[in-house]
file structure_31.cif (mmCIF, C-alpha atoms)
data_final
loop_
_atom_site.group_PDB
_atom_site.id
_atom_site.type_symbol
_atom_site.label_atom_id
_atom_site.label_comp_id
_atom_site.auth_asym_id
_atom_site.auth_seq_id
_atom_site.Cartn_x
_atom_site.Cartn_y
_atom_site.Cartn_z
ATOM 1 C CA MET A 1 -3.968 9.665 -2.301
ATOM 2 C CA ASN A 2 -2.716 10.743 -5.698
ATOM 3 C CA GLU A 3 -3.328 8.549 -8.736
ATOM 4 C CA GLN A 4 0.334 7.770 -9.402
ATOM 5 C CA LEU A 5 0.799 6.446 -5.877
ATOM 6 C CA GLN A 6 -2.426 4.414 -6.099
ATOM 7 C CA GLN A 7 -1.283 2.834 -9.375
ATOM 8 C CA THR A 8 2.100 1.931 -7.915
ATOM 9 C CA LEU A 9 0.553 0.320 -4.846
ATOM 10 C CA GLN A 10 -1.904 -1.625 -7.018
ATOM 11 C CA ALA A 11 0.951 -2.889 -9.181
ATOM 12 C CA LEU A 12 2.750 -4.110 -6.058
ATOM 13 C CA GLN A 13 -0.233 -6.030 -4.694
ATOM 14 C CA GLY A 14 1.033 -9.212 -6.355
ATOM 15 C CA GLY A 15 4.476 -8.695 -4.865
ATOM 16 C CA LEU A 16 7.594 -7.204 -6.350
ATOM 17 C CA THR A 17 8.339 -10.272 -8.443
ATOM 18 C CA GLY A 18 4.899 -10.137 -10.061
ATOM 19 C CA ILE A 19 5.689 -7.001 -12.067
ATOM 20 C CA ASP A 20 7.337 -7.365 -15.464
ATOM 21 C CA ALA A 21 10.494 -5.335 -16.066
ATOM 22 C CA GLY A 22 8.932 -3.149 -18.771
ATOM 23 C CA THR A 23 6.030 -2.098 -16.562
ATOM 24 C CA ALA A 24 8.406 -1.503 -13.663
ATOM 25 C CA ALA A 25 10.726 0.624 -15.820
ATOM 26 C CA SER A 26 7.783 2.736 -16.990
ATOM 27 C CA ASN A 27 6.641 3.247 -13.399
ATOM 28 C CA VAL A 28 10.169 4.146 -12.279
ATOM 29 C CA THR A 29 10.494 6.659 -15.129
ATOM 30 C CA SER A 30 7.225 8.270 -14.088
ATOM 31 C CA TRP A 31 8.381 8.606 -10.462
ATOM 32 C CA HIS A 32 11.761 9.936 -11.567
ATOM 33 C CA LYS A 33 10.033 12.721 -13.514
ATOM 34 C CA THR A 34 7.676 13.450 -10.605
ATOM 35 C CA LEU A 35 10.431 13.703 -7.997
ATOM 36 C CA ASP A 36 13.190 15.351 -10.038
ATOM 37 C CA GLY A 37 13.814 18.752 -8.504
ATOM 38 C CA VAL A 38 11.857 18.088 -5.298
ATOM 39 C CA PRO A 39 13.915 19.337 -2.336
ATOM 40 C CA GLY A 40 15.176 16.437 -0.248
ATOM 41 C CA ALA A 41 14.481 13.826 -2.942
ATOM 42 C CA GLU A 42 17.912 13.897 -4.581
ATOM 43 C CA THR A 43 19.030 10.511 -3.212
ATOM 44 C CA LEU A 44 15.720 8.904 -4.129
ATOM 45 C CA VAL A 45 15.934 10.331 -7.666
ATOM 46 C CA SER A 46 19.471 8.953 -8.002
ATOM 47 C CA HIS A 47 18.330 5.502 -6.811
ATOM 48 C CA LEU A 48 15.422 5.606 -9.274
ATOM 49 C CA ALA A 49 17.826 6.339 -12.140
ATOM 50 C CA GLN A 50 19.968 3.364 -11.102
ATOM 51 C CA LEU A 51 16.881 1.155 -10.833
ATOM 52 C CA LYS A 52 15.709 2.185 -14.302
ATOM 53 C CA ASP A 53 19.135 1.359 -15.748
ATOM 54 C CA CYS A 54 19.078 -2.083 -14.106
ATOM 55 C CA LEU A 55 15.576 -2.827 -15.350
ATOM 56 C CA GLU A 56 16.308 -1.707 -18.890
ATOM 57 C CA SER A 57 19.509 -3.751 -19.056
ATOM 58 C CA GLY A 58 17.838 -6.852 -17.617
ATOM 59 C CA ASP A 59 19.880 -6.785 -14.407
ATOM 60 C CA LEU A 60 17.055 -7.960 -12.159
ATOM 61 C CA PRO A 61 19.333 -8.963 -9.246
ATOM 62 C CA GLY A 62 20.852 -5.469 -9.372
ATOM 63 C CA ALA A 63 17.372 -3.950 -9.428
ATOM 64 C CA ALA A 64 16.297 -6.067 -6.472
ATOM 65 C CA ALA A 65 19.360 -4.965 -4.504
ATOM 66 C CA LEU A 66 18.307 -1.312 -4.879
ATOM 67 C CA LEU A 67 14.784 -1.774 -3.521
ATOM 68 C CA PRO A 68 15.517 -1.659 0.244
ATOM 69 C CA GLY A 69 17.383 1.637 -0.194
ATOM 70 C CA LEU A 70 14.487 3.011 -2.227
ATOM 71 C CA GLY A 71 12.150 1.970 0.570
ATOM 72 C CA SER A 72 14.260 3.753 3.169
ATOM 73 C CA GLU A 73 14.441 6.926 1.086
ATOM 74 C CA THR A 74 10.672 6.799 0.454
ATOM 75 C CA GLU A 75 10.096 6.462 4.206
ATOM 76 C CA LYS A 76 12.259 9.544 4.855
ATOM 77 C CA LEU A 77 10.240 11.659 2.422
ATOM 78 C CA ALA A 78 6.807 10.428 3.500
ATOM 79 C CA SER A 79 6.511 12.832 6.421
ATOM 80 C CA ALA A 80 7.120 15.818 4.115
ATOM 81 C CA ALA A 81 4.496 14.674 1.594
ATOM 82 C CA PRO A 82 0.911 15.934 1.517
ATOM 83 C CA ALA A 83 -1.117 14.362 4.326
ATOM 84 C CA ALA A 84 -3.317 12.490 1.849
ATOM 85 C CA ASP A 85 -0.255 10.659 0.469
ATOM 86 C CA GLN A 86 1.629 9.877 3.662
ATOM 87 C CA ASP A 87 -0.066 6.555 4.455
ATOM 88 C CA GLY A 88 0.372 5.336 0.872
ATOM 89 C CA LEU A 89 4.037 6.318 0.894
ATOM 90 C CA HIS A 90 4.560 4.390 4.129
ATOM 91 C CA GLN A 91 2.898 1.372 2.482
ATOM 92 C CA LEU A 92 5.136 1.751 -0.558
ATOM 93 C CA ALA A 93 8.252 2.044 1.617
ATOM 94 C CA THR A 94 7.313 -1.142 3.461
ATOM 95 C CA ALA A 95 6.718 -3.018 0.206
ATOM 96 C CA LEU A 96 10.051 -1.894 -1.218
ATOM 97 C CA LYS A 97 11.961 -2.872 1.905
ATOM 98 C CA GLY A 98 10.407 -6.281 1.392
#
call {"tool": "encode", "arguments": {"input": "structure_31.cif", "output": "structure tokens"}}
result
Amino acid sequence: MNEQLQQTLQALQGGLTGIDAGTAASNVTSWHKTLDGVPGAETLVSHLAQLKDCLESGDLPGAAALLPGLGSETEKLASAAPAADQDGLHQLATALKG
């Protein structure tokens, strides 16, 4: 599993509410950069941009509302990911769907 995915899963171990907004925004920015331009990830990239905006503006309810959609989009892309990352992506999708 790649390091970025491992770090995200570790951050989520305490639950979604256990992550401060600044850390979450940094993580979202990192994923946005990683996925920008990846075929099939356009919707996920758009959701990440919306999530980053919510986090940076302090709209935590708005951010929370985006998470299930992010989970669904992550689930869709998991099967196209490298085999070593697929299980971690499924875990991430489940955590985001909450």
call {"tool": "residues_around", "arguments": {"input": "structure_31.cif", "residues": "A:Ala25", "least_positions_apart": "6", "cutoff": "12 Å", "atoms": "all atoms listed in the file", "output": "JSON, numbers by chain"}}
result
{"A": [8, 19, 31, 32, 48, 49, 50, 51, 52, 53, 54, 55, 56, 57, 58, 59, 60, 63]}
call {"tool": "write_last_selection", "arguments": {"input": "structure_31.cif", "atoms": "C-alpha atoms", "output": "PDB file, in the coordinates of the input"}}
result
ATOM      1  CA  THR A   8       2.100   1.931  -7.915  1.00  0.00           C
ATOM      2  CA  ILE A  19       5.689  -7.001 -12.067  1.00  0.00           C
ATOM      3  CA  TRP A  31       8.381   8.606 -10.462  1.00  0.00           C
ATOM      4  CA  HIS A  32      11.761   9.936 -11.567  1.00  0.00           C
ATOM      5  CA  LEU A  48      15.422   5.606  -9.274  1.00  0.00           C
ATOM      6  CA  ALA A  49      17.826   6.339 -12.140  1.00  0.00           C
ATOM      7  CA  GLN A  50      19.968   3.364 -11.102  1.00  0.00           C
ATOM      8  CA  LEU A  51      16.881   1.155 -10.833  1.00  0.00           C
ATOM      9  CA  LYS A  52      15.709   2.185 -14.302  1.00  0.00           C
ATOM     10  CA  ASP A  53      19.135   1.359 -15.748  1.00  0.00           C
ATOM     11  CA  CYS A  54      19.078  -2.083 -14.106  1.00  0.00           C
ATOM     12  CA  LEU A  55      15.576  -2.827 -15.350  1.00  0.00           C
ATOM     13  CA  GLU A  56      16.308  -1.707 -18.890  1.00  0.00           C
ATOM     14  CA  SER A  57      19.509  -3.751 -19.056  1.00  0.00           C
ATOM     15  CA  GLY A  58      17.838  -6.852 -17.617  1.00  0.00           C
ATOM     16  CA  ASP A  59      19.880  -6.785 -14.407  1.00  0.00           C
ATOM     17  CA  LEU A  60      17.055  -7.960 -12.159  1.00  0.00           C
ATOM     18  CA  ALA A  63      17.372  -3.950  -9.428  1.00  0.00           C
TER      19      ALA A  63
END
call {"tool": "resolve_selection", "arguments": {"input": "structure_31.cif", "expression": "the PyMOL selection byres ((chain A and resi 68) around 10)", "output": "PyMOL selection string"}}
result
chain A and resi 64-67+69-74+93-98
call {"tool": "write_last_selection", "arguments": {"input": "structure_31.cif", "atoms": "C-alpha atoms", "output": "mmCIF file, keeping the file's coordinate frame"}}
result
data_model
loop_
_atom_site.group_PDB
_atom_site.id
_atom_site.type_symbol
_atom_site.label_atom_id
_atom_site.label_comp_id
_atom_site.auth_asym_id
_atom_site.auth_seq_id
_atom_site.Cartn_x
_atom_site.Cartn_y
_atom_site.Cartn_z
ATOM 1 C CA ALA A 64 16.297 -6.067 -6.472
ATOM 2 C CA ALA A 65 19.360 -4.965 -4.504
ATOM 3 C CA LEU A 66 18.307 -1.312 -4.879
ATOM 4 C CA LEU A 67 14.784 -1.774 -3.521
ATOM 5 C CA GLY A 69 17.383 1.637 -0.194
ATOM 6 C CA LEU A 70 14.487 3.011 -2.227
ATOM 7 C CA GLY A 71 12.150 1.970 0.570
ATOM 8 C CA SER A 72 14.260 3.753 3.169
ATOM 9 C CA GLU A 73 14.441 6.926 1.086
ATOM 10 C CA THR A 74 10.672 6.799 0.454
ATOM 11 C CA ALA A 93 8.252 2.044 1.617
ATOM 12 C CA THR A 94 7.313 -1.142 3.461
ATOM 13 C CA ALA A 95 6.718 -3.018 0.206
ATOM 14 C CA LEU A 96 10.051 -1.894 -1.218
ATOM 15 C CA LYS A 97 11.961 -2.872 1.905
ATOM 16 C CA GLY A 98 10.407 -6.281 1.392
#
call {"tool": "atom_distance", "arguments": {"input": "structure_31.cif", "atom1": "atom CA of A:Gly22", "atom2": "atom CA of A:Val45"}}
result
18.8 Å
call {"tool": "closest_residue", "arguments": {"input": "structure_31.cif", "among": "A:Gly37, A:Ser30, A:Gln86, A:Leu77", "to": "A:Gln4", "atoms": "only C-alpha atoms"}}
result
A:Ser30
call {"tool": "atom_distance", "arguments": {"input": "structure_31.cif", "atom1": "atom CA of A:Val28", "atom2": "atom CA of A:Ala11"}}
result
12.0 Å
call {"tool": "atom_distance", "arguments": {"input": "structure_31.cif", "atom1": "atom CA of A:Gln91", "atom2": "atom CA of A:Glu75"}}
result
9.0 Å
call {"tool": "resolve_selection", "arguments": {"input": "structure_31.cif", "expression": "the PyMOL selection byres ((chain A and resi 87) around 12)", "output": "MDAnalysis selection string"}}
result
chainID A and resid 1:2 5:6 9 74:75 77:86 88:94
call {"tool": "axis_aligned_box", "arguments": {"input": "structure_31.cif", "around": "stretch 39-55 of chain A", "padding_each_side": "5 Å", "output": "JSON"}}
result
{"center_x": 16.9, "center_y": 8.3, "center_z": -8.0, "size_x": 16.1, "size_y": 32.2, "size_z": 25.5}
call {"tool": "build_atoms", "arguments": {"input": "structure_31.cif", "residues": "stretch 42-70 of chain A", "atoms": "N, CA and C atoms", "output": "CSV table (one decimal), in the coordinates of the input"}}
result
chain,number,residue,atom,x,y,z
A,42,GLU,N,16.8,14.1,-3.7
A,42,GLU,CA,17.9,13.9,-4.6
A,42,GLU,C,18.4,12.4,-4.5
A,43,THR,N,18.5,11.9,-3.3
A,43,THR,CA,19.0,10.5,-3.2
A,43,THR,C,18.0,9.5,-3.8
A,44,LEU,N,16.8,9.8,-3.6
A,44,LEU,CA,15.7,8.9,-4.1
A,44,LEU,C,15.7,9.0,-5.7
A,45,VAL,N,15.9,10.2,-6.2
A,45,VAL,CA,15.9,10.3,-7.7
A,45,VAL,C,17.1,9.6,-8.2
A,46,SER,N,18.3,9.7,-7.6
A,46,SER,CA,19.5,9.0,-8.0
A,46,SER,C,19.2,7.4,-8.0
A,47,HIS,N,18.6,6.9,-6.9
A,47,HIS,CA,18.3,5.5,-6.8
A,47,HIS,C,17.4,5.1,-7.9
A,48,LEU,N,16.4,5.9,-8.2
A,48,LEU,CA,15.4,5.6,-9.3
A,48,LEU,C,16.1,5.5,-10.6
A,49,ALA,N,17.1,6.4,-10.9
A,49,ALA,CA,17.8,6.3,-12.1
A,49,ALA,C,18.6,5.0,-12.2
A,50,GLN,N,19.2,4.6,-11.1
A,50,GLN,CA,20.0,3.4,-11.1
A,50,GLN,C,19.0,2.2,-11.3
A,51,LEU,N,17.9,2.2,-10.7
A,51,LEU,CA,16.9,1.2,-10.8
A,51,LEU,C,16.4,1.1,-12.3
A,52,LYS,N,16.1,2.2,-12.9
A,52,LYS,CA,15.7,2.2,-14.3
A,52,LYS,C,16.8,1.6,-15.2
A,53,ASP,N,18.0,1.9,-15.0
A,53,ASP,CA,19.1,1.4,-15.7
A,53,ASP,C,19.2,-0.2,-15.6
A,54,CYS,N,19.1,-0.6,-14.4
A,54,CYS,CA,19.1,-2.1,-14.1
A,54,CYS,C,17.9,-2.8,-14.8
A,55,LEU,N,16.7,-2.2,-14.7
A,55,LEU,CA,15.6,-2.8,-15.4
A,55,LEU,C,15.7,-2.9,-16.9
A,56,GLU,N,16.2,-1.8,-17.4
A,56,GLU,CA,16.3,-1.7,-18.9
A,56,GLU,C,17.4,-2.6,-19.4
A,57,SER,N,18.4,-2.9,-18.6
A,57,SER,CA,19.5,-3.8,-19.1
A,57,SER,C,19.3,-5.2,-18.7
A,58,GLY,N,18.2,-5.5,-18.0
A,58,GLY,CA,17.8,-6.9,-17.6
A,58,GLY,C,18.5,-7.3,-16.4
A,59,ASP,N,19.2,-6.4,-15.6
A,59,ASP,CA,19.9,-6.8,-14.4
A,59,ASP,C,18.9,-6.8,-13.2
A,60,LEU,N,18.1,-7.9,-13.2
A,60,LEU,CA,17.1,-8.0,-12.2
A,60,LEU,C,17.6,-8.1,-10.8
A,61,PRO,N,18.7,-8.9,-10.6
A,61,PRO,CA,19.3,-9.0,-9.2
A,61,PRO,C,19.8,-7.6,-8.8
A,62,GLY,N,20.4,-6.8,-9.7
A,62,GLY,CA,20.9,-5.5,-9.4
A,62,GLY,C,19.7,-4.6,-9.0
A,63,ALA,N,18.6,-4.7,-9.7
A,63,ALA,CA,17.4,-4.0,-9.4
A,63,ALA,C,16.9,-4.3,-8.1
A,64,ALA,N,16.8,-5.6,-7.8
A,64,ALA,CA,16.3,-6.1,-6.5
A,64,ALA,C,17.2,-5.5,-5.3
A,65,ALA,N,18.5,-5.5,-5.5
A,65,ALA,CA,19.4,-5.0,-4.5
A,65,ALA,C,19.1,-3.5,-4.2
A,66,LEU,N,18.6,-2.7,-5.1
A,66,LEU,CA,18.3,-1.3,-4.9
A,66,LEU,C,17.0,-1.0,-4.1
A,67,LEU,N,16.1,-2.0,-4.1
A,67,LEU,CA,14.8,-1.8,-3.5
A,67,LEU,C,14.8,-1.4,-2.0
A,68,PRO,N,15.5,-2.1,-1.2
A,68,PRO,CA,15.5,-1.7,0.2
A,68,PRO,C,15.9,-0.2,0.5
A,69,GLY,N,16.9,0.2,-0.3
A,69,GLY,CA,17.4,1.6,-0.2
A,69,GLY,C,16.3,2.6,-0.7
A,70,LEU,N,15.6,2.2,-1.7
A,70,LEU,CA,14.5,3.0,-2.2
A,70,LEU,C,13.4,3.1,-1.2
